[in-house]
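**Q** Okay, so here is start.txt, and as you'll see once you scroll down, it has compact mmCIF, C-alpha atoms.
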# COMPACT_ATOMS: atom_id res chain seq x y z
CA MET A 1 160.19 48.14 185.76
CA GLN A 2 157.11 50.22 185.22
CA PHE A 3 154.77 48.98 182.51
CA SER A 4 151.02 49.30 182.40
CA THR A 5 148.34 49.29 179.76
CA HIS A 6 144.95 50.93 180.13
CA THR A 7 142.23 50.47 177.52
CA TYR A 8 139.12 52.61 177.15
CA GLU A 9 136.23 52.10 174.75
CA PHE A 10 133.27 54.33 174.13
CA VAL A 11 130.72 55.11 171.44
CA GLY A 12 130.21 58.67 170.27
CA TYR A 13 132.54 61.61 170.60
CA GLN A 14 130.10 63.16 173.07
CA ASN A 15 131.03 60.36 175.50
CA TYR A 16 134.76 61.07 175.49
CA GLU A 17 134.78 63.46 178.48
CA LYS A 18 134.87 60.80 181.25
CA THR A 19 137.63 58.91 179.48
CA GLN A 20 139.52 62.15 178.81
CA LYS A 21 139.73 62.91 182.53
CA LYS A 22 141.05 59.42 183.32
CA ILE A 23 143.65 59.68 180.56
CA GLU A 24 144.72 63.13 181.73
CA THR A 25 145.42 61.79 185.22
CA LEU A 26 147.34 58.79 183.83
CA LEU A 27 149.44 60.91 181.51
CA PHE A 28 150.30 63.62 184.01
CA ASP A 29 151.37 60.92 186.49
CA ALA A 30 153.47 59.18 183.83
CA PHE A 31 155.05 62.43 182.63
CA GLU A 32 155.56 63.63 186.22
CA ALA A 33 154.31 67.01 185.00
CA GLU A 34 151.36 68.59 183.22
CA ASN A 35 152.09 67.93 179.56
CA TYR A 36 149.14 69.74 178.02
CA ARG A 37 150.64 69.71 174.52
CA PHE A 38 150.62 65.90 174.49
CA LEU A 39 147.14 65.76 176.01
CA MET A 40 145.84 68.14 173.32
CA ALA A 41 147.47 65.96 170.66
CA VAL A 42 145.60 62.94 172.07
CA ASN A 43 142.39 64.98 172.03
CA GLU A 44 143.03 65.87 168.38
CA ALA A 45 143.52 62.19 167.54
CA VAL A 46 140.23 61.32 169.25
CA CYS A 47 138.47 64.16 167.46
CA ASN A 48 139.79 62.88 164.11
CA ALA A 49 138.74 59.32 164.97
CA ALA A 50 135.20 60.58 165.52
CA ARG A 51 135.15 63.05 162.62
CA TYR A 52 136.25 60.47 160.04
CA SER A 53 134.37 57.51 161.56
CA ILE A 54 132.30 55.47 159.15
CA TYR A 55 129.59 55.61 161.85
CA ARG A 56 129.64 59.44 162.11
CA PRO A 57 130.88 61.29 165.22
CA GLN A 58 127.80 60.57 167.38
CA ASN A 59 128.16 56.80 166.86
CA ALA A 60 131.92 56.47 166.38
CA ARG A 61 133.33 53.39 168.11
CA ILE A 62 136.60 54.59 169.59
CA THR A 63 139.22 52.63 171.50
CA ILE A 64 142.09 54.33 173.32
CA GLU A 65 145.01 52.30 174.61
CA VAL A 66 147.48 54.03 176.93
CA ARG A 67 150.80 52.23 177.45
CA ILE A 68 153.07 53.56 180.14
CA MET A 69 156.62 52.25 180.06
CA ASN A 70 159.82 53.11 181.91
CA TYR A 71 160.94 55.87 179.57
CA ASP A 72 157.98 56.71 177.38
CA VAL A 73 154.24 56.79 176.89
CA ALA A 74 152.30 55.61 173.85
CA VAL A 75 148.64 56.38 173.23
CA LYS A 76 146.90 54.50 170.43
CA VAL A 77 143.55 55.83 169.21
CA SER A 78 141.56 53.46 166.98
CA SER A 79 138.32 53.77 165.09
CA ALA A 80 136.79 52.41 161.91
CA THR A 81 137.30 55.42 159.66
CA SER A 82 137.06 56.34 156.02
CA PRO A 83 140.16 55.03 154.25
CA PHE A 84 143.24 57.22 154.53
CA ARG A 85 146.31 56.67 152.38
CA ALA A 86 148.94 57.21 155.05
CA VAL A 87 151.92 56.17 152.90
CA GLU A 88 150.95 58.68 150.20
CA TYR A 89 150.45 61.38 152.82
CA GLN A 90 153.86 60.60 154.32
CA LYS A 91 155.48 60.93 150.88
CA LYS A 92 153.68 64.24 150.32
CA LEU A 93 154.96 65.58 153.64
CA ARG A 94 158.50 64.39 152.96
CA ARG A 95 158.53 66.23 149.63
CA ILE A 96 158.11 69.43 151.62
CA LEU A 97 161.50 68.72 153.21
CA ASP A 98 163.14 69.30 149.80
CA ASP A 99 162.37 73.01 150.18
CA LYS A 100 164.98 74.48 152.56
CA ASN A 101 162.88 77.61 153.14
CA ALA A 102 159.82 75.56 154.07
CA CYS A 103 161.91 73.49 156.52
CA GLU A 104 162.69 76.61 158.54
CA MET A 105 159.07 77.78 158.70
CA GLU A 106 156.80 77.22 161.67
CA TRP A 107 154.00 74.88 160.66
CA GLY A 108 151.35 77.54 161.34
CA ASP A 109 153.10 79.97 158.99
CA TYR A 110 153.53 77.25 156.38
CA LEU A 111 149.85 76.27 156.40
CA GLY A 112 148.51 79.80 156.79
CA PHE A 113 144.71 79.74 156.84
CA GLN A 114 144.48 76.30 155.26
CA LEU A 115 142.58 73.94 157.58
CA ALA A 116 143.65 70.64 156.00
CA SER A 117 146.44 68.89 157.92
CA ARG A 118 146.41 71.28 160.88
CA GLY A 119 145.57 68.43 163.25
CA PHE A 120 148.49 66.32 162.07
CA PHE A 121 150.92 69.21 162.39
CA TYR A 122 149.61 69.99 165.85
CA MET A 123 150.05 66.36 166.90
CA LEU A 124 153.54 66.19 165.39
CA SER A 125 154.67 69.24 167.33
CA ALA A 126 153.65 67.58 170.64
CA VAL A 127 155.19 64.11 170.24
CA ASP A 128 158.56 62.47 169.81
CA TYR A 129 157.03 60.44 167.02
CA LEU A 130 153.63 59.55 165.66
CA TYR A 131 152.68 56.61 163.53
CA VAL A 132 149.52 55.93 161.61
CA ASP A 133 148.14 52.66 160.31
CA GLU A 134 148.55 52.58 156.52
CA LYS A 135 144.75 52.81 156.10
CA GLY A 136 144.25 55.33 158.89
CA GLN A 137 142.39 53.03 161.27
CA HIS A 138 144.60 54.00 164.21
CA VAL A 139 147.16 56.58 165.21
CA THR A 140 149.77 56.15 167.96
CA LEU A 141 151.32 59.15 169.71
CA CYS A 142 154.60 58.57 171.57
CA ALA A 143 156.60 60.75 173.94
CA LYS A 144 159.47 60.29 176.36
CA THR A 145 159.06 60.50 180.12
CA PRO A 146 159.54 62.32 182.35
CA TYR A 147 158.37 65.50 180.66
CA ASP A 148 160.42 68.60 181.30
CA PRO A 149 158.33 71.70 180.54
CA SER A 150 161.47 73.87 180.55
CA GLN A 151 162.84 72.07 177.49
CA PRO A 152 162.16 73.89 174.22
CA TYR A 153 160.13 72.20 171.54
CA SER A 154 160.07 72.91 167.86
CA THR A 155 157.17 73.55 165.54
CA LYS A 156 159.42 73.95 162.50
CA ILE A 157 158.41 71.95 159.45
CA GLY A 158 161.90 70.45 159.12
CA ASP A 159 161.81 69.20 162.71
CA ILE A 160 158.31 67.76 162.88
CA ILE A 161 157.69 66.09 159.51
CA PRO A 162 160.32 63.38 160.15
CA LYS A 163 158.30 62.37 163.24
CA PHE A 164 155.45 61.12 161.00
CA LEU A 165 155.71 57.38 160.45
CA VAL A 166 153.42 54.75 158.92
CA SER A 167 152.65 51.28 160.22
CA LYS A 168 152.17 48.71 157.47
CA ASN A 169 151.33 45.16 158.53
CA GLY A 170 152.69 45.92 162.00
CA VAL A 171 156.01 47.28 160.70
CA ILE A 172 157.02 50.95 160.79
CA VAL A 173 157.92 52.13 157.26
How does this structure look as structure tokens?
**A**
Amino acid sequence: MQFSTHTYEFVGYQNYEKTQKKIETLLFDAFEAENYRFLMAVNEAVCNAARYSIYRPQNARITIEVRIMNYDVAVKVSSATSPFRAVEYQKKLRRILDDKNACEMEWGDYLGFQLASRGFFYMLSAVDYLYVDEKGQHVTLCAKTPYDPSQPYSTKIGDIIPKFLVSKNGVIV
């Protein structure tokens, strides 16, 4: 049984590069392929952790925990951030699913030039599921292993919004 946990801590987004290279090696070994979509989703989570840090990006205290298991990988990115109402955001996203036309749209077409939420949609298109702490203090990205780059992936609103979950008191809601 393969199971390992690797934890990285650093202060300031500018200090992420060394950790990023270590995580890239870990993930590509775990996925048995170069899964750049997942790596970019992790990078987006780290960027958000710094951007919304209560200490500002240069002083953000970020922890990344990489768990490699037999059939999947989970990467948890934590930082003390401005409060985020994850349950309300989840409800807002799920209301979009009521619109059949929106469900068939690619997320980029749906958002257009709007910048808000692009990071979440990007992350959702790269994972099997993503869950966020109810107050936004951490995000966990999960994907099955091994990664098969020949398998199609969807960026349709109706396919990716259901992947967004919220963790409340340690329970997925």
**Q** Could you give me, as a PyMOL selection string, the residues within 6 Å of region 68-81 of chain A, counting only C-alpha atoms and dropping anything in the same chain fewer than 6 positions from it?
**A** chain A and resi 2-4+49+52-54+61-62+137-145
**Q** From the set A:Lys168, A:Lys91, A:Arg67, A:Arg118, which residue has the shortest atom-to-atom contact distance to Glu44 (chain A), counting only C-alpha atoms?
**A**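 Using only C-alpha atoms, the shortest distance to Glu44 (chain A) belongs to A:Arg118.
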**Q** Would you mind telling me which residue in A:Lys22, A:Ala33, A:Ala41, A:Thr63 lies nearest to Thr7 (chain A) when using all atoms listed in the file?
**A** A:Thr63
**Q** Residues within 12 Å of (154.4, 67.5, 185.3), file coordinates, counting only C-alpha atoms: what are they? Give the list as a PDB file with C-alpha atoms, in the coordinates of the input.
**A**
ATOM      1  CA  GLU A  24     144.720  63.130 181.730  1.00  0.00           C
ATOM      2  CA  THR A  25     145.420  61.790 185.220  1.00  0.00           C
ATOM      3  CA  LEU A  26     147.340  58.790 183.830  1.00  0.00           C
ATOM      4  CA  LEU A  27     149.440  60.910 181.510  1.00  0.00           C
ATOM      5  CA  PHE A  28     150.300  63.620 184.010  1.00  0.00           C
ATOM      6  CA  ASP A  29     151.370  60.920 186.490  1.00  0.00           C
ATOM      7  CA  ALA A  30     153.470  59.180 183.830  1.00  0.00           C
ATOM      8  CA  PHE A  31     155.050  62.430 182.630  1.00  0.00           C
ATOM      9  CA  GLU A  32     155.560  63.630 186.220  1.00  0.00           C
ATOM     10  CA  ALA A  33     154.310  67.010 185.000  1.00  0.00           C
ATOM     11  CA  GLU A  34     151.360  68.590 183.220  1.00  0.00           C
ATOM     12  CA  ASN A  35     152.090  67.930 179.560  1.00  0.00           C
ATOM     13  CA  TYR A  36     149.140  69.740 178.020  1.00  0.00           C
ATOM     14  CA  ARG A  37     150.640  69.710 174.520  1.00  0.00           C
ATOM     15  CA  PHE A  38     150.620  65.900 174.490  1.00  0.00           C
ATOM     16  CA  LEU A  39     147.140  65.760 176.010  1.00  0.00           C
ATOM     17  CA  THR A 145     159.060  60.500 180.120  1.00  0.00           C
ATOM     18  CA  PRO A 146     159.540  62.320 182.350  1.00  0.00           C
ATOM     19  CA  TYR A 147     158.370  65.500 180.660  1.00  0.00           C
ATOM     20  CA  ASP A 148     160.420  68.600 181.300  1.00  0.00           C
ATOM     21  CA  PRO A 149     158.330  71.700 180.540  1.00  0.00           C
ATOM     22  CA  SER A 150     161.470  73.870 180.550  1.00  0.00           C
TER      23      SER A 150
END
**Q** Can you tell me, as AutoDock Vina command-line options, the centre and edge lengths (Å, one decimal) of the axis-aligned box enclosing all of region 1-7 of chain A's listed atoms after padding each side by 4 Å?
**A**
--center_x 151.2 --center_y 49.5 --center_z 181.6 --size_x 26.0 --size_y 10.8 --size_z 16.2
**Q** If you measure from CA of Ile23 (chain A) to CA of Ser154 (chain A), what distance in Å do you get, rounded to one decimal?
**A**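 Between CA of Ile23 (chain A) and CA of Ser154 (chain A) the gap is 24.6 Å.
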**Q** Find the distance between CA of Met105 (chain A) and CA of Lys156 (chain A) and write it in Å to one decimal.
**A**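 Atom-to-atom, CA of Met105 (chain A) to CA of Lys156 (chain A), that is 5.4 Å.
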**Q** Go through A:Gly170, A:Gly108, A:Gly12, A:Pro152 one by one, measure the shortest atom-to-atom distance of each to Arg51 (chain A) using all atoms listed in the file, and give the residue with the smallest value.
**A**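 Of A:Gly170, A:Gly108, A:Gly12, A:Pro152, the one nearest Arg51 (chain A) is A:Gly12, counting all atoms listed in the file.
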**Q** Interatomic distance between CA of Tyr122 (chain A) and CA of Phe84 (chain A)?
**A**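 Interatomic distance, CA of Tyr122 (chain A) to CA of Phe84 (chain A): 18.2 Å.
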**Q** So, counting all atoms listed in the file, which residue among A:Ile157, A:Met123, A:Val173, A:Val11 is closest to Leu111 (chain A)?
**A** A:Ile157
**Q** Given all atoms listed in the file as the basis, pick out the residue of A:Leu124, A:Val87, A:Ala45, A:Val66 nearest to Ser167 (chain A).
**A**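 Of A:Leu124, A:Val87, A:Ala45, A:Val66, the one nearest Ser167 (chain A), counting all atoms listed in the file, is A:Val87.
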**Q** Which residue out of A:Tyr129, A:Tyr55, A:Tyr8, A:Tyr16 has the minimum interatomic distance to Ile172 (chain A) when only C-alpha atoms are used?
**A**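 Result for the nearest residue to Ile172 (chain A): A:Tyr129.
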**Q** Name the residues in contact with Asn15 (chain A) at a cut-off of 10 Å, using only C-alpha atoms, excluding same-chain residues fewer than 3 positions from it; report them as a list in words.
**A** Glu9, Phe10, Val11, Gly12, Lys18, Thr19, Gln20, Gln58, Asn59, Ala60 and Ile62 of chain A
**Q** Within 12 Å of Lys92 (chain A), counting all atoms listed in the file, which residues qualify if same-chain residues fewer than 4 places away don't, as a CSV table (one decimal) with C-alpha atoms, in the coordinates of the input?
**A**
chain,number,residue,atom,x,y,z
A,85,ARG,CA,146.3,56.7,152.4
A,86,ALA,CA,148.9,57.2,155.0
A,87,VAL,CA,151.9,56.2,152.9
A,88,GLU,CA,151.0,58.7,150.2
A,96,ILE,CA,158.1,69.4,151.6
A,97,LEU,CA,161.5,68.7,153.2
A,98,ASP,CA,163.1,69.3,149.8
A,117,SER,CA,146.4,68.9,157.9
A,161,ILE,CA,157.7,66.1,159.5
A,162,PRO,CA,160.3,63.4,160.2
A,164,PHE,CA,155.4,61.1,161.0
**Q** Write a file for region 24-70 of chain A, containing N, CA and C atoms (output as a PDB file, in the first residue's frame).
**A**
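What landed in out14.pdb:
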ATOM      1  N   GLU A  24       6.060  19.389  -7.933  1.00  0.00           N
ATOM      2  CA  GLU A  24       5.946  18.929  -9.324  1.00  0.00           C
ATOM      3  C   GLU A  24       6.522  17.522  -9.467  1.00  0.00           C
ATOM      4  N   THR A  25       7.693  17.294  -8.912  1.00  0.00           N
ATOM      5  CA  THR A  25       8.319  15.971  -8.979  1.00  0.00           C
ATOM      6  C   THR A  25       7.449  14.927  -8.281  1.00  0.00           C
ATOM      7  N   LEU A  26       6.968  15.239  -7.091  1.00  0.00           N
ATOM      8  CA  LEU A  26       6.099  14.319  -6.349  1.00  0.00           C
ATOM      9  C   LEU A  26       4.852  13.960  -7.141  1.00  0.00           C
ATOM     10  N   LEU A  27       4.204  14.985  -7.678  1.00  0.00           N
ATOM     11  CA  LEU A  27       2.944  14.756  -8.397  1.00  0.00           C
ATOM     12  C   LEU A  27       3.146  13.963  -9.677  1.00  0.00           C
ATOM     13  N   PHE A  28       4.161  14.306 -10.443  1.00  0.00           N
ATOM     14  CA  PHE A  28       4.375  13.590 -11.694  1.00  0.00           C
ATOM     15  C   PHE A  28       4.730  12.124 -11.420  1.00  0.00           C
ATOM     16  N   ASP A  29       5.459  11.875 -10.331  1.00  0.00           N
ATOM     17  CA  ASP A  29       5.739  10.481  -9.955  1.00  0.00           C
ATOM     18  C   ASP A  29       4.452   9.774  -9.546  1.00  0.00           C
ATOM     19  N   ALA A  30       3.633  10.433  -8.754  1.00  0.00           N
ATOM     20  CA  ALA A  30       2.373   9.829  -8.289  1.00  0.00           C
ATOM     21  C   ALA A  30       1.408   9.587  -9.444  1.00  0.00           C
ATOM     22  N   PHE A  31       1.322  10.529 -10.360  1.00  0.00           N
ATOM     23  CA  PHE A  31       0.415  10.403 -11.503  1.00  0.00           C
ATOM     24  C   PHE A  31       0.973   9.483 -12.591  1.00  0.00           C
ATOM     25  N   GLU A  32       2.269   9.180 -12.511  1.00  0.00           N
ATOM     26  CA  GLU A  32       2.949   8.375 -13.521  1.00  0.00           C
ATOM     27  C   GLU A  32       2.880   9.029 -14.900  1.00  0.00           C
ATOM     28  N   ALA A  33       2.745  10.340 -14.901  1.00  0.00           N
ATOM     29  CA  ALA A  33       2.688  11.133 -16.133  1.00  0.00           C
ATOM     30  C   ALA A  33       2.764  12.607 -15.742  1.00  0.00           C
ATOM     31  N   GLU A  34       2.976  13.445 -16.737  1.00  0.00           N
ATOM     32  CA  GLU A  34       3.034  14.884 -16.488  1.00  0.00           C
ATOM     33  C   GLU A  34       1.623  15.458 -16.543  1.00  0.00           C
ATOM     34  N   ASN A  35       1.045  15.650 -15.385  1.00  0.00           N
ATOM     35  CA  ASN A  35      -0.312  16.195 -15.282  1.00  0.00           C
ATOM     36  C   ASN A  35      -0.205  17.698 -15.002  1.00  0.00           C
ATOM     37  N   TYR A  36       0.038  18.454 -16.060  1.00  0.00           N
ATOM     38  CA  TYR A  36       0.227  19.899 -15.907  1.00  0.00           C
ATOM     39  C   TYR A  36      -1.055  20.614 -15.511  1.00  0.00           C
ATOM     40  N   ARG A  37      -2.206  20.103 -15.906  1.00  0.00           N
ATOM     41  CA  ARG A  37      -3.464  20.743 -15.512  1.00  0.00           C
ATOM     42  C   ARG A  37      -3.601  20.731 -13.991  1.00  0.00           C
ATOM     43  N   PHE A  38      -3.327  19.596 -13.368  1.00  0.00           N
ATOM     44  CA  PHE A  38      -3.430  19.510 -11.914  1.00  0.00           C
ATOM     45  C   PHE A  38      -2.377  20.403 -11.252  1.00  0.00           C
ATOM     46  N   LEU A  39      -1.164  20.376 -11.768  1.00  0.00           N
ATOM     47  CA  LEU A  39      -0.107  21.227 -11.208  1.00  0.00           C
ATOM     48  C   LEU A  39      -0.495  22.703 -11.294  1.00  0.00           C
ATOM     49  N   MET A  40      -1.066  23.119 -12.413  1.00  0.00           N
ATOM     50  CA  MET A  40      -1.492  24.514 -12.552  1.00  0.00           C
ATOM     51  C   MET A  40      -2.629  24.839 -11.588  1.00  0.00           C
ATOM     52  N   ALA A  41      -3.488  23.863 -11.321  1.00  0.00           N
ATOM     53  CA  ALA A  41      -4.562  24.076 -10.352  1.00  0.00           C
ATOM     54  C   ALA A  41      -3.976  24.274  -8.952  1.00  0.00           C
ATOM     55  N   VAL A  42      -2.951  23.500  -8.613  1.00  0.00           N
ATOM     56  CA  VAL A  42      -2.269  23.681  -7.322  1.00  0.00           C
ATOM     57  C   VAL A  42      -1.640  25.069  -7.281  1.00  0.00           C
ATOM     58  N   ASN A  43      -0.989  25.465  -8.360  1.00  0.00           N
ATOM     59  CA  ASN A  43      -0.381  26.801  -8.419  1.00  0.00           C
ATOM     60  C   ASN A  43      -1.428  27.894  -8.227  1.00  0.00           C
ATOM     61  N   GLU A  44      -2.600  27.715  -8.806  1.00  0.00           N
ATOM     62  CA  GLU A  44      -3.689  28.687  -8.648  1.00  0.00           C
ATOM     63  C   GLU A  44      -4.132  28.751  -7.193  1.00  0.00           C
ATOM     64  N   ALA A  45      -4.214  27.602  -6.532  1.00  0.00           N
ATOM     65  CA  ALA A  45      -4.602  27.571  -5.118  1.00  0.00           C
ATOM     66  C   ALA A  45      -3.566  28.301  -4.254  1.00  0.00           C
ATOM     67  N   VAL A  46      -2.292  28.107  -4.565  1.00  0.00           N
ATOM     68  CA  VAL A  46      -1.228  28.787  -3.819  1.00  0.00           C
ATOM     69  C   VAL A  46      -1.289  30.289  -4.078  1.00  0.00           C
ATOM     70  N   CYS A  47      -1.516  30.663  -5.312  1.00  0.00           N
ATOM     71  CA  CYS A  47      -1.629  32.082  -5.671  1.00  0.00           C
ATOM     72  C   CYS A  47      -2.782  32.732  -4.900  1.00  0.00           C
ATOM     73  N   ASN A  48      -3.934  32.034  -4.842  1.00  0.00           N
ATOM     74  CA  ASN A  48      -5.076  32.565  -4.093  1.00  0.00           C
ATOM     75  C   ASN A  48      -4.775  32.653  -2.599  1.00  0.00           C
ATOM     76  N   ALA A  49      -4.065  31.654  -2.064  1.00  0.00           N
ATOM     77  CA  ALA A  49      -3.703  31.674  -0.649  1.00  0.00           C
ATOM     78  C   ALA A  49      -2.854  32.902  -0.329  1.00  0.00           C
ATOM     79  N   ALA A  50      -1.972  33.265  -1.245  1.00  0.00           N
ATOM     80  CA  ALA A  50      -1.142  34.454  -1.045  1.00  0.00           C
ATOM     81  C   ALA A  50      -1.945  35.734  -1.283  1.00  0.00           C
ATOM     82  N   ARG A  51      -2.702  35.752  -2.374  1.00  0.00           N
ATOM     83  CA  ARG A  51      -3.458  36.955  -2.746  1.00  0.00           C
ATOM     84  C   ARG A  51      -4.432  37.385  -1.653  1.00  0.00           C
ATOM     85  N   TYR A  52      -5.109  36.415  -1.041  1.00  0.00           N
ATOM     86  CA  TYR A  52      -6.130  36.735  -0.047  1.00  0.00           C
ATOM     87  C   TYR A  52      -5.635  36.606   1.392  1.00  0.00           C
ATOM     88  N   SER A  53      -4.319  36.431   1.564  1.00  0.00           N
ATOM     89  CA  SER A  53      -3.742  36.306   2.898  1.00  0.00           C
ATOM     90  C   SER A  53      -3.962  37.580   3.711  1.00  0.00           C
ATOM     91  N   ILE A  54      -4.225  37.384   4.996  1.00  0.00           N
ATOM     92  CA  ILE A  54      -4.373  38.554   5.868  1.00  0.00           C
ATOM     93  C   ILE A  54      -3.022  39.246   6.084  1.00  0.00           C
ATOM     94  N   TYR A  55      -1.941  38.567   5.705  1.00  0.00           N
ATOM     95  CA  TYR A  55      -0.590  39.116   5.859  1.00  0.00           C
ATOM     96  C   TYR A  55      -0.046  39.718   4.566  1.00  0.00           C
ATOM     97  N   ARG A  56      -0.859  39.741   3.505  1.00  0.00           N
ATOM     98  CA  ARG A  56      -0.464  40.196   2.177  1.00  0.00           C
ATOM     99  C   ARG A  56       0.418  39.146   1.498  1.00  0.00           C
ATOM    100  N   PRO A  57       0.498  39.165   0.175  1.00  0.00           N
ATOM    101  CA  PRO A  57       1.232  38.116  -0.545  1.00  0.00           C
ATOM    102  C   PRO A  57       2.703  37.949  -0.124  1.00  0.00           C
ATOM    103  N   GLN A  58       3.394  39.049   0.136  1.00  0.00           N
ATOM    104  CA  GLN A  58       4.820  38.968   0.469  1.00  0.00           C
ATOM    105  C   GLN A  58       5.075  38.299   1.815  1.00  0.00           C
ATOM    106  N   ASN A  59       4.076  38.307   2.701  1.00  0.00           N
ATOM    107  CA  ASN A  59       4.248  37.741   4.039  1.00  0.00           C
ATOM    108  C   ASN A  59       3.255  36.612   4.334  1.00  0.00           C
ATOM    109  N   ALA A  60       2.576  36.140   3.313  1.00  0.00           N
ATOM    110  CA  ALA A  60       1.591  35.070   3.486  1.00  0.00           C
ATOM    111  C   ALA A  60       2.277  33.829   4.066  1.00  0.00           C
ATOM    112  N   ARG A  61       1.652  33.243   5.056  1.00  0.00           N
ATOM    113  CA  ARG A  61       2.162  32.005   5.664  1.00  0.00           C
ATOM    114  C   ARG A  61       1.375  30.852   5.052  1.00  0.00           C
ATOM    115  N   ILE A  62       2.021  30.132   4.174  1.00  0.00           N
ATOM    116  CA  ILE A  62       1.334  29.103   3.382  1.00  0.00           C
ATOM    117  C   ILE A  62       1.872  27.719   3.736  1.00  0.00           C
ATOM    118  N   THR A  63       0.948  26.787   3.912  1.00  0.00           N
ATOM    119  CA  THR A  63       1.291  25.390   4.153  1.00  0.00           C
ATOM    120  C   THR A  63       0.673  24.562   3.038  1.00  0.00           C
ATOM    121  N   ILE A  64       1.461  23.672   2.476  1.00  0.00           N
ATOM    122  CA  ILE A  64       0.980  22.757   1.435  1.00  0.00           C
ATOM    123  C   ILE A  64       1.223  21.337   1.915  1.00  0.00           C
ATOM    124  N   GLU A  65       0.165  20.556   1.936  1.00  0.00           N
ATOM    125  CA  GLU A  65       0.270  19.151   2.326  1.00  0.00           C
ATOM    126  C   GLU A  65      -0.097  18.300   1.117  1.00  0.00           C
ATOM    127  N   VAL A  66       0.815  17.449   0.700  1.00  0.00           N
ATOM    128  CA  VAL A  66       0.592  16.552  -0.431  1.00  0.00           C
ATOM    129  C   VAL A  66       0.435  15.144   0.129  1.00  0.00           C
ATOM    130  N   ARG A  67      -0.730  14.540  -0.109  1.00  0.00           N
ATOM    131  CA  ARG A  67      -0.976  13.156   0.310  1.00  0.00           C
ATOM    132  C   ARG A  67      -1.076  12.293  -0.935  1.00  0.00           C
ATOM    133  N   ILE A  68      -0.235  11.290  -0.978  1.00  0.00           N
ATOM    134  CA  ILE A  68      -0.240  10.360  -2.103  1.00  0.00           C
ATOM    135  C   ILE A  68      -0.740   9.019  -1.581  1.00  0.00           C
ATOM    136  N   MET A  69      -1.830   8.556  -2.176  1.00  0.00           N
ATOM    137  CA  MET A  69      -2.436   7.297  -1.753  1.00  0.00           C
ATOM    138  C   MET A  69      -2.433   6.325  -2.932  1.00  0.00           C
ATOM    139  N   ASN A  70      -2.940   5.133  -2.729  1.00  0.00           N
ATOM    140  CA  ASN A  70      -2.911   4.118  -3.783  1.00  0.00           C
ATOM    141  C   ASN A  70      -3.574   4.561  -5.073  1.00  0.00           C
TER     142      ASN A  70
END
